$ cat coords30.pdb   # PDB, C-alpha atoms and all ligand atoms
MODEL        1
ATOM      1  CA  MET A   1      18.118-108.463 -63.267
ATOM      2  CA  THR A   2      17.026-111.928 -62.157
ATOM      3  CA  ASP A   3      14.185-111.980 -59.669
ATOM      4  CA  THR A   4      15.408-114.026 -56.695
ATOM      5  CA  ARG A   5      12.232-113.764 -54.606
ATOM      6  CA  ALA A   6      10.672-117.069 -53.633
ATOM      7  CA  PRO A   7       7.338-117.563 -55.397
ATOM      8  CA  GLY A   8       4.122-116.886 -53.523
ATOM      9  CA  ARG A   9       1.875-119.824 -52.704
ATOM     10  CA  PHE A  10      -1.896-119.999 -53.022
ATOM     11  CA  ILE A  11      -3.771-121.917 -50.287
ATOM     12  CA  THR A  12      -7.557-122.294 -50.104
ATOM     13  CA  PHE A  13      -9.968-123.470 -47.413
ATOM     14  CA  GLU A  14     -13.220-125.238 -48.268
ATOM     15  CA  GLY A  15     -16.088-127.072 -46.623
ATOM     16  CA  ILE A  16     -19.788-126.750 -45.859
ATOM     17  CA  ASP A  17     -20.980-123.772 -43.805
ATOM     18  CA  GLY A  18     -20.049-124.206 -40.144
ATOM     19  CA  ALA A  19     -17.274-126.737 -40.786
ATOM     20  CA  GLY A  20     -14.838-124.531 -38.833
ATOM     21  CA  LYS A  21     -12.708-122.909 -41.545
ATOM     22  CA  SER A  22     -12.613-119.350 -40.209
ATOM     23  CA  SER A  23     -10.781-119.942 -36.937
ATOM     24  CA  GLN A  24      -8.270-122.286 -38.605
ATOM     25  CA  ILE A  25      -7.532-119.764 -41.356
ATOM     26  CA  ALA A  26      -6.513-117.225 -38.715
ATOM     27  CA  ALA A  27      -4.229-119.808 -37.083
ATOM     28  CA  LEU A  28      -2.594-120.786 -40.384
ATOM     29  CA  VAL A  29      -2.010-117.165 -41.379
ATOM     30  CA  ALA A  30      -0.383-116.528 -37.977
ATOM     31  CA  LEU A  31       1.821-119.591 -38.462
ATOM     32  CA  LEU A  32       2.993-118.450 -41.913
ATOM     33  CA  GLU A  33       3.639-114.920 -40.674
ATOM     34  CA  SER A  34       5.671-116.286 -37.759
ATOM     35  CA  ARG A  35       7.961-117.745 -40.427
ATOM     36  CA  GLY A  36       8.526-114.271 -41.823
ATOM     37  CA  LEU A  37       6.213-114.707 -44.810
ATOM     38  CA  SER A  38       4.034-111.927 -46.128
ATOM     39  CA  VAL A  39       0.452-113.246 -46.273
ATOM     40  CA  ASP A  40      -2.662-111.853 -47.936
ATOM     41  CA  GLN A  41      -5.817-113.284 -46.326
ATOM     42  CA  THR A  42      -8.906-113.055 -48.497
ATOM     43  CA  ARG A  43     -12.272-114.695 -49.251
ATOM     44  CA  GLU A  44     -14.768-115.627 -51.949
ATOM     45  CA  PRO A  45     -17.153-114.458 -53.017
ATOM     46  CA  GLY A  46     -15.432-111.156 -52.260
ATOM     47  CA  GLY A  47     -11.835-110.085 -51.820
ATOM     48  CA  THR A  48     -12.134-106.888 -53.887
ATOM     49  CA  ALA A  49     -14.458-103.866 -53.654
ATOM     50  CA  LEU A  50     -16.486-105.148 -56.625
ATOM     51  CA  GLY A  51     -16.359-108.726 -55.338
ATOM     52  CA  GLU A  52     -17.789-107.678 -51.971
ATOM     53  CA  LYS A  53     -20.721-105.978 -53.743
ATOM     54  CA  LEU A  54     -21.324-109.175 -55.719
ATOM     55  CA  ARG A  55     -21.078-111.158 -52.469
ATOM     56  CA  ASP A  56     -23.864-109.095 -50.973
ATOM     57  CA  LEU A  57     -26.101-109.907 -53.959
ATOM     58  CA  LEU A  58     -25.105-113.577 -54.013
ATOM     59  CA  LEU A  59     -25.795-114.129 -50.322
ATOM     60  CA  HIS A  60     -29.132-112.310 -50.170
ATOM     61  CA  GLU A  61     -30.793-111.969 -53.590
ATOM     62  CA  PRO A  62     -32.734-114.892 -55.111
ATOM     63  CA  MET A  63     -31.501-115.594 -58.673
ATOM     64  CA  HIS A  64     -31.322-118.188 -61.441
ATOM     65  CA  LEU A  65     -28.732-120.911 -60.796
ATOM     66  CA  GLU A  66     -26.689-119.997 -63.886
ATOM     67  CA  THR A  67     -26.735-116.314 -62.883
ATOM     68  CA  GLU A  68     -25.404-117.419 -59.490
ATOM     69  CA  ALA A  69     -22.606-119.469 -61.067
ATOM     70  CA  MET A  70     -21.609-116.693 -63.466
ATOM     71  CA  LEU A  71     -21.583-114.069 -60.703
ATOM     72  CA  MET A  72     -19.348-116.339 -58.583
ATOM     73  CA  PHE A  73     -16.938-116.533 -61.515
ATOM     74  CA  ALA A  74     -17.251-112.799 -62.273
ATOM     75  CA  ALA A  75     -16.222-112.008 -58.697
ATOM     76  CA  ARG A  76     -13.416-114.565 -59.037
ATOM     77  CA  ARG A  77     -12.154-113.040 -62.302
ATOM     78  CA  GLU A  78     -11.822-109.694 -60.558
ATOM     79  CA  HIS A  79     -10.255-111.281 -57.481
ATOM     80  CA  LEU A  80      -7.615-113.032 -59.594
ATOM     81  CA  ALA A  81      -6.767-109.922 -61.620
ATOM     82  CA  ALA A  82      -6.821-107.333 -58.863
ATOM     83  CA  ARG A  83      -5.553-109.275 -55.883
ATOM     84  CA  ILE A  84      -4.509-112.929 -56.134
ATOM     85  CA  LYS A  85      -2.177-112.806 -59.157
ATOM     86  CA  PRO A  86      -0.461-109.505 -58.183
ATOM     87  CA  ALA A  87       0.179-110.841 -54.662
ATOM     88  CA  LEU A  88       1.609-114.150 -55.909
ATOM     89  CA  GLU A  89       3.776-112.350 -58.465
ATOM     90  CA  ALA A  90       5.131-110.123 -55.681
ATOM     91  CA  GLY A  91       6.110-113.234 -53.690
ATOM     92  CA  ARG A  92       3.319-112.972 -51.130
ATOM     93  CA  TRP A  93       1.322-115.971 -49.953
ATOM     94  CA  VAL A  94      -2.430-115.863 -50.484
ATOM     95  CA  VAL A  95      -4.841-117.687 -48.166
ATOM     96  CA  SER A  96      -8.443-117.642 -49.381
ATOM     97  CA  ASP A  97     -11.611-118.705 -47.601
ATOM     98  CA  ARG A  98     -13.078-120.556 -50.647
ATOM     99  CA  PHE A  99     -12.310-120.568 -54.402
ATOM    100  CA  THR A 100     -13.512-122.566 -57.438
ATOM    101  CA  ASP A 101     -13.950-125.866 -55.576
ATOM    102  CA  ALA A 102     -16.834-124.105 -53.748
ATOM    103  CA  THR A 103     -18.606-123.491 -57.068
ATOM    104  CA  TYR A 104     -18.209-127.161 -57.930
ATOM    105  CA  ALA A 105     -19.518-128.227 -54.518
ATOM    106  CA  TYR A 106     -22.386-125.729 -54.085
ATOM    107  CA  GLN A 107     -23.577-124.932 -57.613
ATOM    108  CA  VAL A 108     -22.840-128.274 -59.345
ATOM    109  CA  GLY A 109     -23.185-130.640 -56.354
ATOM    110  CA  GLY A 110     -25.707-128.745 -54.252
ATOM    111  CA  ARG A 111     -27.899-127.143 -56.897
ATOM    112  CA  GLY A 112     -27.364-129.297 -59.987
ATOM    113  CA  LEU A 113     -25.550-126.877 -62.320
ATOM    114  CA  ASP A 114     -24.491-128.659 -65.522
ATOM    115  CA  ALA A 115     -20.902-129.872 -64.947
ATOM    116  CA  ALA A 116     -19.859-128.985 -68.523
ATOM    117  CA  LYS A 117     -21.009-125.380 -68.009
ATOM    118  CA  PHE A 118     -19.042-125.246 -64.752
ATOM    119  CA  ALA A 119     -15.943-126.612 -66.539
ATOM    120  CA  ALA A 120     -16.318-124.024 -69.316
ATOM    121  CA  LEU A 121     -16.404-121.189 -66.779
ATOM    122  CA  GLU A 122     -13.460-122.594 -64.838
ATOM    123  CA  ASN A 123     -11.470-122.961 -68.037
ATOM    124  CA  TRP A 124     -12.366-119.450 -69.138
ATOM    125  CA  VAL A 125     -11.566-117.683 -65.864
ATOM    126  CA  HIS A 126      -8.407-119.513 -64.793
ATOM    127  CA  PRO A 127      -7.125-121.962 -67.447
ATOM    128  CA  GLY A 128      -4.339-124.115 -66.012
ATOM    129  CA  PHE A 129      -4.350-122.296 -62.685
ATOM    130  CA  GLN A 130      -5.348-123.891 -59.358
ATOM    131  CA  PRO A 131      -4.465-123.360 -55.701
ATOM    132  CA  GLU A 132      -1.309-125.169 -54.679
ATOM    133  CA  LEU A 133      -2.983-126.591 -51.575
ATOM    134  CA  THR A 134      -6.671-126.884 -50.734
ATOM    135  CA  LEU A 135      -7.892-127.940 -47.293
ATOM    136  CA  VAL A 136     -11.426-129.360 -47.351
ATOM    137  CA  PHE A 137     -13.034-129.377 -43.896
ATOM    138  CA  ASP A 138     -15.244-132.443 -43.864
ATOM    139  CA  LEU A 139     -18.104-132.565 -41.376
ATOM    140  CA  ALA A 140     -21.565-134.128 -41.079
ATOM    141  CA  PRO A 141     -24.189-131.491 -42.020
ATOM    142  CA  GLU A 142     -26.132-131.917 -38.754
ATOM    143  CA  ILE A 143     -23.033-131.032 -36.703
ATOM    144  CA  ALA A 144     -22.197-128.098 -38.982
ATOM    145  CA  ALA A 145     -25.794-126.808 -38.773
ATOM    146  CA  ALA A 146     -25.701-126.939 -34.972
ATOM    147  CA  ARG A 147     -22.462-124.931 -35.020
ATOM    148  CA  VAL A 148     -23.943-122.318 -37.373
ATOM    149  CA  ALA A 149     -27.075-122.060 -35.181
ATOM    150  CA  SER A 150     -24.956-121.593 -32.052
ATOM    151  CA  THR A 151     -23.297-118.485 -33.505
ATOM    152  CA  GLY A 152     -26.663-116.656 -33.320
ATOM    153  CA  VAL A 153     -25.933-114.846 -36.604
ATOM    154  CA  ASN A 154     -28.836-114.416 -39.040
ATOM    155  CA  PRO A 155     -28.401-117.183 -41.682
ATOM    156  CA  ASP A 156     -27.843-116.132 -45.329
ATOM    157  CA  ARG A 157     -29.410-117.703 -48.467
ATOM    158  CA  PHE A 158     -26.955-120.627 -48.416
ATOM    159  CA  GLU A 159     -26.991-121.254 -44.678
ATOM    160  CA  ARG A 160     -30.805-121.559 -44.808
ATOM    161  CA  GLU A 161     -30.528-124.615 -47.098
ATOM    162  CA  GLN A 162     -31.615-128.002 -45.725
ATOM    163  CA  ARG A 163     -29.549-130.969 -44.700
ATOM    164  CA  ASP A 164     -29.912-132.863 -48.020
ATOM    165  CA  PHE A 165     -28.421-129.842 -49.843
ATOM    166  CA  PHE A 166     -25.362-129.912 -47.561
ATOM    167  CA  GLU A 167     -25.106-133.705 -47.980
ATOM    168  CA  ARG A 168     -24.768-133.121 -51.742
ATOM    169  CA  VAL A 169     -22.277-130.283 -51.249
ATOM    170  CA  ARG A 170     -20.204-132.466 -48.934
ATOM    171  CA  ALA A 171     -20.247-135.380 -51.404
ATOM    172  CA  ALA A 172     -19.175-133.058 -54.252
ATOM    173  CA  TYR A 173     -16.213-131.780 -52.214
ATOM    174  CA  LEU A 174     -15.122-135.363 -51.541
ATOM    175  CA  GLU A 175     -15.514-136.251 -55.217
ATOM    176  CA  ARG A 176     -13.433-133.213 -56.217
ATOM    177  CA  ALA A 177     -10.780-134.277 -53.681
ATOM    178  CA  ARG A 178     -10.619-137.719 -55.285
ATOM    179  CA  MET A 179     -10.026-136.049 -58.672
ATOM    180  CA  ALA A 180      -7.067-133.977 -57.379
ATOM    181  CA  PRO A 181      -5.526-135.910 -54.462
ATOM    182  CA  GLU A 182      -2.177-134.075 -54.648
ATOM    183  CA  ARG A 183      -3.774-130.670 -54.273
ATOM    184  CA  ILE A 184      -6.789-131.339 -52.043
ATOM    185  CA  ARG A 185      -6.424-132.618 -48.482
ATOM    186  CA  VAL A 186      -9.546-133.692 -46.619
ATOM    187  CA  ILE A 187      -9.506-132.653 -42.961
ATOM    188  CA  ALA A 188     -11.755-134.451 -40.436
ATOM    189  CA  ALA A 189     -13.450-131.396 -38.934
ATOM    190  CA  ASP A 190     -15.276-133.171 -36.091
ATOM    191  CA  ARG A 191     -12.213-132.955 -33.820
ATOM    192  CA  PRO A 192     -11.175-130.345 -31.241
ATOM    193  CA  PRO A 193      -9.750-127.181 -32.857
ATOM    194  CA  GLN A 194      -6.284-127.779 -31.397
ATOM    195  CA  GLN A 195      -6.002-131.183 -33.110
ATOM    196  CA  ILE A 196      -7.056-129.738 -36.461
ATOM    197  CA  ARG A 197      -4.607-126.902 -36.073
ATOM    198  CA  ALA A 198      -1.771-129.368 -35.391
ATOM    199  CA  GLU A 199      -2.646-131.345 -38.532
ATOM    200  CA  LEU A 200      -2.644-128.211 -40.690
ATOM    201  CA  GLU A 201       0.720-127.210 -39.267
ATOM    202  CA  ALA A 202       2.089-130.678 -40.061
ATOM    203  CA  ILE A 203       0.784-130.552 -43.652
ATOM    204  CA  VAL A 204       2.290-127.131 -44.330
ATOM    205  CA  THR A 205       5.597-127.993 -42.659
ATOM    206  CA  GLU A 206       5.891-131.244 -44.601
ATOM    207  CA  ARG A 207       5.150-129.481 -47.879
ATOM    208  CA  TRP A 208       7.220-126.306 -47.620
ATOM    209  CA  PHE A 209       9.382-126.043 -44.510
ATOM    210  CA  ARG A 210      11.172-129.338 -44.080
TER     211      ARG A 210
HETATM  212  N1  LIG B 301     -13.373-127.915 -34.247
HETATM  213  C1  LIG B 301     -14.460-127.305 -33.754
HETATM  214  N2  LIG B 301     -15.207-127.914 -32.822
HETATM  215  C2  LIG B 301     -16.331-127.310 -32.320
HETATM  216  N3  LIG B 301     -16.769-126.093 -32.696
HETATM  217  C3  LIG B 301     -16.050-125.438 -33.645
HETATM  218  C4  LIG B 301     -14.870-126.010 -34.215
HETATM  219  N4  LIG B 301     -14.382-125.129 -35.128
HETATM  220  C5  LIG B 301     -15.202-124.063 -35.120
HETATM  221  N5  LIG B 301     -16.208-124.239 -34.235
HETATM  222  C6  LIG B 301     -17.321-123.301 -33.958
HETATM  223  O1  LIG B 301     -18.295-123.492 -34.979
HETATM  224  C7  LIG B 301     -18.814-122.250 -35.430
HETATM  225  C8  LIG B 301     -18.555-122.104 -36.944
HETATM  226  O2  LIG B 301     -17.141-122.053 -37.161
HETATM  227  P1  LIG B 301     -16.495-121.211 -38.358
HETATM  228  O3  LIG B 301     -15.037-121.270 -38.183
HETATM  229  O4  LIG B 301     -17.152-119.844 -38.417
HETATM  230  O5  LIG B 301     -16.972-122.083 -39.611
HETATM  231  P2  LIG B 301     -16.934-121.759 -41.167
HETATM  232  O6  LIG B 301     -16.001-120.595 -41.362
HETATM  233  O7  LIG B 301     -16.420-123.016 -41.783
HETATM  234  O8  LIG B 301     -18.353-121.468 -41.566
HETATM  235  C9  LIG B 301     -18.147-121.170 -34.584
HETATM  236  O9  LIG B 301     -19.018-120.836 -33.513
HETATM  237  C10 LIG B 301     -16.886-121.847 -34.060
HETATM  238  O10 LIG B 301     -16.492-121.337 -32.812
HETATM  239  C1  LIG B 302     -17.063-119.054 -53.404
HETATM  240  C2  LIG B 302     -18.430-119.658 -53.334
HETATM  241  C3  LIG B 302     -19.205-119.575 -52.181
HETATM  242  N1  LIG B 302     -20.437-120.116 -52.152
HETATM  243  C4  LIG B 302     -21.263-119.979 -50.921
HETATM  244  C5  LIG B 302     -20.831-120.844 -49.784
HETATM  245  C6  LIG B 302     -21.211-120.064 -48.540
HETATM  246  O1  LIG B 302     -22.490-120.484 -48.104
HETATM  247  C7  LIG B 302     -21.332-118.630 -49.023
HETATM  248  C8  LIG B 302     -20.358-117.678 -48.393
HETATM  249  O2  LIG B 302     -19.224-118.338 -48.012
HETATM  250  P1  LIG B 302     -18.507-118.067 -46.599
HETATM  251  O3  LIG B 302     -17.754-116.798 -46.666
HETATM  252  O4  LIG B 302     -17.742-119.292 -46.242
HETATM  253  O5  LIG B 302     -19.719-117.893 -45.617
HETATM  254  P2  LIG B 302     -19.681-117.692 -44.045
HETATM  255  O6  LIG B 302     -18.581-116.728 -43.741
HETATM  256  O7  LIG B 302     -21.070-117.161 -43.809
HETATM  257  O8  LIG B 302     -19.440-119.065 -43.480
HETATM  258  O9  LIG B 302     -21.157-118.651 -50.444
HETATM  259  C9  LIG B 302     -20.976-120.772 -53.260
HETATM  260  O10 LIG B 302     -22.105-121.246 -53.223
HETATM  261  N2  LIG B 302     -20.214-120.874 -54.402
HETATM  262  C10 LIG B 302     -18.959-120.345 -54.490
HETATM  263  O11 LIG B 302     -18.302-120.439 -55.551
ENDMDL
END

$ encode --input "coords30.pdb" --output "structure tokens" --more "lines below"
Ligand SMILES: Nc1ncnc2c1ncn2[C@@H]1O[C@H](COP(=O)(O)OP(=O)(O)O)[C@@H](O)[C@H]1O
Ligand SMILES: Cc1cn([C@H]2C[C@H](O)[C@@H](COP(=O)(O)OP(=O)(O)O)O2)c(=O)[nH]c1=O
Amino acid sequence: MTDTRAPGRFITFEGIDGAGKSSQIAALVALLESRGLSVDQTREPGGTALGEKLRDLLLHEPMHLETEAMLMFAARREHLAARIKPALEAGRWVVSDRFTDATYAYQVGGRGLDAAKFAALENWVHPGFQPELTLVFDLAPEIAAARVASTGVNPDRFEREQRDFFERVRAAYLERARMAPERIRVIAADRPPQQIRAELEAIVTERWFR
């Protein structure tokens, strides 16, 4: 029998720590669900039982840069196999707080991982597969750091990095966006949440619901 279900869509959120992704993800998921869609909200590193264990190591345990990159992709391999692909194949939408663009931004841009090694891992773990839409929250590191500090939560290994690290991460996200302008939309994250939310709604409506 022919499968008449509409295909699932894969949407990812990116940006430096404190850019304001989390609250906007909740709003976008609510918007999609209000349209009757079934949505799976997830995150990286994480998203599976194994991935969450790897997340704990990645966020708190000092390690070699290449170990860090490979563990990010190991968690991602599991996430794709156990959660993302099955959901998309079942017609569900998947919204993830971070995916491979984060490895490009943080490990290649922020820490100086060899770009060819990154590309080899990307091509191994998900050849020919990318999110359909990626929203990069772009914000000056000093504003993002003030937001993170105001939450009062103990900073993890990444959040303790200095401003120049986040400048490099930000620049790498923007460079990645220039390489894939159809997929990656850069969102000015220095605006009030309501304005950002309205822009995301407009982007999604224009793309899928017109
Ligand atoms: N547009 C915004 N303007 C001002 N503060 C914001 C905005 N978006 C989020 N925040 C605040 O900044 C902090 C970090 O936001 P969060 O959504 O957790 O960022 P991220 O998930 O990107 O790390 C939170 O305290 C949140 O309330
Ligand atoms: C997915 C991914 C995340 N990260 C980092 C970015 C974040 O600092 C951290 C965890 O991401 P995130 O869940 O956004 O952190 P928080 O909820 O504390 O804002 O992992 C990488 O360095 N590379 C990656 O590939």

$ residues_near_point --input "coords30.pdb" --point "(1.2, -123.0, -51.2)" --cutoff "7 Å" --atoms "all atoms listed in the file" --output "list in words"
Arg9, Phe10, Ile11, Glu132 and Leu133 of chain A

$ resolve_selection --input "coords30.pdb" --expression "the PyMOL selection byres (((chain A and resi 110) around 12) and not hetatm)" --output "PyMOL selection string"
chain A and resi 16+65+69+102-109+111-115+158+161-173

$ residues_near_ligand --input "coords30.pdb" --ligand "ligand LIG 301 (chain B)" --cutoff "8 Å" --atoms "all atoms listed in the file" --output "ChimeraX atom specification"
/A:14-24,97,137,144,147-148,150-151,189-194,196

$ write_last_selection --input "coords30.pdb" --atoms "C-alpha atoms" --output "PDB file, in the coordinates of the input"
ATOM      1  CA  GLU A  14     -13.220-125.238 -48.268  1.00  0.00           C
ATOM      2  CA  GLY A  15     -16.088-127.072 -46.623  1.00  0.00           C
ATOM      3  CA  ILE A  16     -19.788-126.750 -45.859  1.00  0.00           C
ATOM      4  CA  ASP A  17     -20.980-123.772 -43.805  1.00  0.00           C
ATOM      5  CA  GLY A  18     -20.049-124.206 -40.144  1.00  0.00           C
ATOM      6  CA  ALA A  19     -17.274-126.737 -40.786  1.00  0.00           C
ATOM      7  CA  GLY A  20     -14.838-124.531 -38.833  1.00  0.00           C
ATOM      8  CA  LYS A  21     -12.708-122.909 -41.545  1.00  0.00           C
ATOM      9  CA  SER A  22     -12.613-119.350 -40.209  1.00  0.00           C
ATOM     10  CA  SER A  23     -10.781-119.942 -36.937  1.00  0.00           C
ATOM     11  CA  GLN A  24      -8.270-122.286 -38.605  1.00  0.00           C
ATOM     12  CA  ASP A  97     -11.611-118.705 -47.601  1.00  0.00           C
ATOM     13  CA  PHE A 137     -13.034-129.377 -43.896  1.00  0.00           C
ATOM     14  CA  ALA A 144     -22.197-128.098 -38.982  1.00  0.00           C
ATOM     15  CA  ARG A 147     -22.462-124.931 -35.020  1.00  0.00           C
ATOM     16  CA  VAL A 148     -23.943-122.318 -37.373  1.00  0.00           C
ATOM     17  CA  SER A 150     -24.956-121.593 -32.052  1.00  0.00           C
ATOM     18  CA  THR A 151     -23.297-118.485 -33.505  1.00  0.00           C
ATOM     19  CA  ALA A 189     -13.450-131.396 -38.934  1.00  0.00           C
ATOM     20  CA  ASP A 190     -15.276-133.171 -36.091  1.00  0.00           C
ATOM     21  CA  ARG A 191     -12.213-132.955 -33.820  1.00  0.00           C
ATOM     22  CA  PRO A 192     -11.175-130.345 -31.241  1.00  0.00           C
ATOM     23  CA  PRO A 193      -9.750-127.181 -32.857  1.00  0.00           C
ATOM     24  CA  GLN A 194      -6.284-127.779 -31.397  1.00  0.00           C
ATOM     25  CA  ILE A 196      -7.056-129.738 -36.461  1.00  0.00           C
TER      26      ILE A 196
END

$ closest_residue --input "coords30.pdb" --among "A:Glu78, A:Leu37, A:Leu71, A:Glu159" --to "Ala49 of chain A" --atoms "all atoms listed in the file"
A:Glu78

$ closest_residue --input "coords30.pdb" --among "A:Ala146, A:Leu200, A:Ala90, A:Val153" --to "ligand LIG 302 (chain B)" --atoms "only C-alpha atoms and all ligand atoms"
A:Val153

$ closest_residue --input "coords30.pdb" --among "A:Thr205, A:Thr100, A:Asn154, A:Thr134" --to "ligand LIG 302 (chain B)" --atoms "all atoms listed in the file"
A:Thr100

$ atom_distance --input "coords30.pdb" --atom1 "atom CA of Gln41 of chain A" --atom2 "atom CA of Val95 of chain A"
4.9 Å

$ closest_residue --input "coords30.pdb" --among "A:Arg43, A:Arg176, A:His64, A:Arg207" --to "ligand LIG 302 (chain B)" --atoms "all atoms listed in the file"
A:Arg43

$ closest_residue --input "coords30.pdb" --among "A:Ala87, A:Leu135, A:Ala81, A:Ala202" --to "Glu182 of chain A" --atoms "only C-alpha atoms"
A:Leu135

$ residues_near_point --input "coords30.pdb" --point "(-14.0, -108.9, -60.6)" --cutoff "10 Å" --atoms "only C-alpha atoms" --output "PDB file with C-alpha atoms, in the frame of the given file"
ATOM      1  CA  PRO A  45     -17.153-114.458 -53.017  1.00  0.00           C
ATOM      2  CA  GLY A  46     -15.432-111.156 -52.260  1.00  0.00           C
ATOM      3  CA  GLY A  47     -11.835-110.085 -51.820  1.00  0.00           C
ATOM      4  CA  THR A  48     -12.134-106.888 -53.887  1.00  0.00           C
ATOM      5  CA  ALA A  49     -14.458-103.866 -53.654  1.00  0.00           C
ATOM      6  CA  LEU A  50     -16.486-105.148 -56.625  1.00  0.00           C
ATOM      7  CA  GLY A  51     -16.359-108.726 -55.338  1.00  0.00           C
ATOM      8  CA  GLU A  52     -17.789-107.678 -51.971  1.00  0.00           C
ATOM      9  CA  LEU A  54     -21.324-109.175 -55.719  1.00  0.00           C
ATOM     10  CA  LEU A  71     -21.583-114.069 -60.703  1.00  0.00           C
ATOM     11  CA  MET A  72     -19.348-116.339 -58.583  1.00  0.00           C
ATOM     12  CA  PHE A  73     -16.938-116.533 -61.515  1.00  0.00           C
ATOM     13  CA  ALA A  74     -17.251-112.799 -62.273  1.00  0.00           C
ATOM     14  CA  ALA A  75     -16.222-112.008 -58.697  1.00  0.00           C
ATOM     15  CA  ARG A  76     -13.416-114.565 -59.037  1.00  0.00           C
ATOM     16  CA  ARG A  77     -12.154-113.040 -62.302  1.00  0.00           C
ATOM     17  CA  GLU A  78     -11.822-109.694 -60.558  1.00  0.00           C
ATOM     18  CA  HIS A  79     -10.255-111.281 -57.481  1.00  0.00           C
ATOM     19  CA  LEU A  80      -7.615-113.032 -59.594  1.00  0.00           C
ATOM     20  CA  ALA A  81      -6.767-109.922 -61.620  1.00  0.00           C
ATOM     21  CA  ALA A  82      -6.821-107.333 -58.863  1.00  0.00           C
ATOM     22  CA  ARG A  83      -5.553-109.275 -55.883  1.00  0.00           C
TER      23      ARG A  83
END

$ closest_residue --input "coords30.pdb" --among "A:Pro86, A:Gly91, A:Gly152, A:Leu28" --to "ligand LIG 302 (chain B)" --atoms "only C-alpha atoms and all ligand atoms"
A:Gly152

$ atom_distance --input "coords30.pdb" --atom1 "atom CA of Ser96 of chain A" --atom2 "atom CA of Asp138 of chain A"
17.2 Å

$ atom_distance --input "coords30.pdb" --atom1 "atom CA of Leu57 of chain A" --atom2 "atom CA of Phe129 of chain A"
26.5 Å

$ axis_aligned_box --input "coords30.pdb" --around "ligand LIG 302 (chain B)" --padding-each-side "6 Å" --output "lines of an AutoDock Vina configuration file"
center_x = -19.8
center_y = -119.0
center_z = -49.5
size_x = 17.4
size_y = 16.5
size_z = 24.1

$ residues_around --input "coords30.pdb" --residues "Asp156 of chain A" --least-positions-apart "3" --cutoff "9 Å" --atoms "only C-alpha atoms" --output "list of chain:residue names"
A:Leu59, A:His60, A:Glu159, A:Arg160

$ residues_around --input "coords30.pdb" --residues "Val39 of chain A" --least-positions-apart "2" --cutoff "7 Å" --atoms "all atoms listed in the file" --output "VMD selection string"
chain A and resid 29 33 37 41 92 to 94

$ decode --input "coords30.pdb" --residues "segment 187-206 of chain A" --atoms "C-alpha atoms" --output "PDB file, in the first residue's frame"
ATOM      1  CA  ILE A 187      18.218  35.312  13.482  1.00  0.00           C
ATOM      2  CA  ALA A 188      19.194  38.604  15.177  1.00  0.00           C
ATOM      3  CA  ALA A 189      18.908  37.468  18.795  1.00  0.00           C
ATOM      4  CA  ASP A 190      19.370  40.880  20.441  1.00  0.00           C
ATOM      5  CA  ARG A 191      15.655  41.692  20.093  1.00  0.00           C
ATOM      6  CA  PRO A 192      12.732  41.169  22.486  1.00  0.00           C
ATOM      7  CA  PRO A 193      11.556  37.527  22.582  1.00  0.00           C
ATOM      8  CA  GLN A 194       8.172  38.391  21.064  1.00  0.00           C
ATOM      9  CA  GLN A 195       9.801  39.869  17.939  1.00  0.00           C
ATOM     10  CA  ILE A 196      12.009  36.814  17.476  1.00  0.00           C
ATOM     11  CA  ARG A 197       9.048  34.532  17.933  1.00  0.00           C
ATOM     12  CA  ALA A 198       7.102  36.425  15.247  1.00  0.00           C
ATOM     13  CA  GLU A 199      10.013  36.088  12.807  1.00  0.00           C
ATOM     14  CA  LEU A 200      10.273  32.338  13.399  1.00  0.00           C
ATOM     15  CA  GLU A 201       6.544  31.973  12.849  1.00  0.00           C
ATOM     16  CA  ALA A 202       6.833  33.918   9.583  1.00  0.00           C
ATOM     17  CA  ILE A 203       9.739  31.756   8.361  1.00  0.00           C
ATOM     18  CA  VAL A 204       7.932  28.496   9.095  1.00  0.00           C
ATOM     19  CA  THR A 205       4.639  29.717   7.635  1.00  0.00           C
ATOM     20  CA  GLU A 206       6.335  30.933   4.462  1.00  0.00           C
TER      21      GLU A 206
END
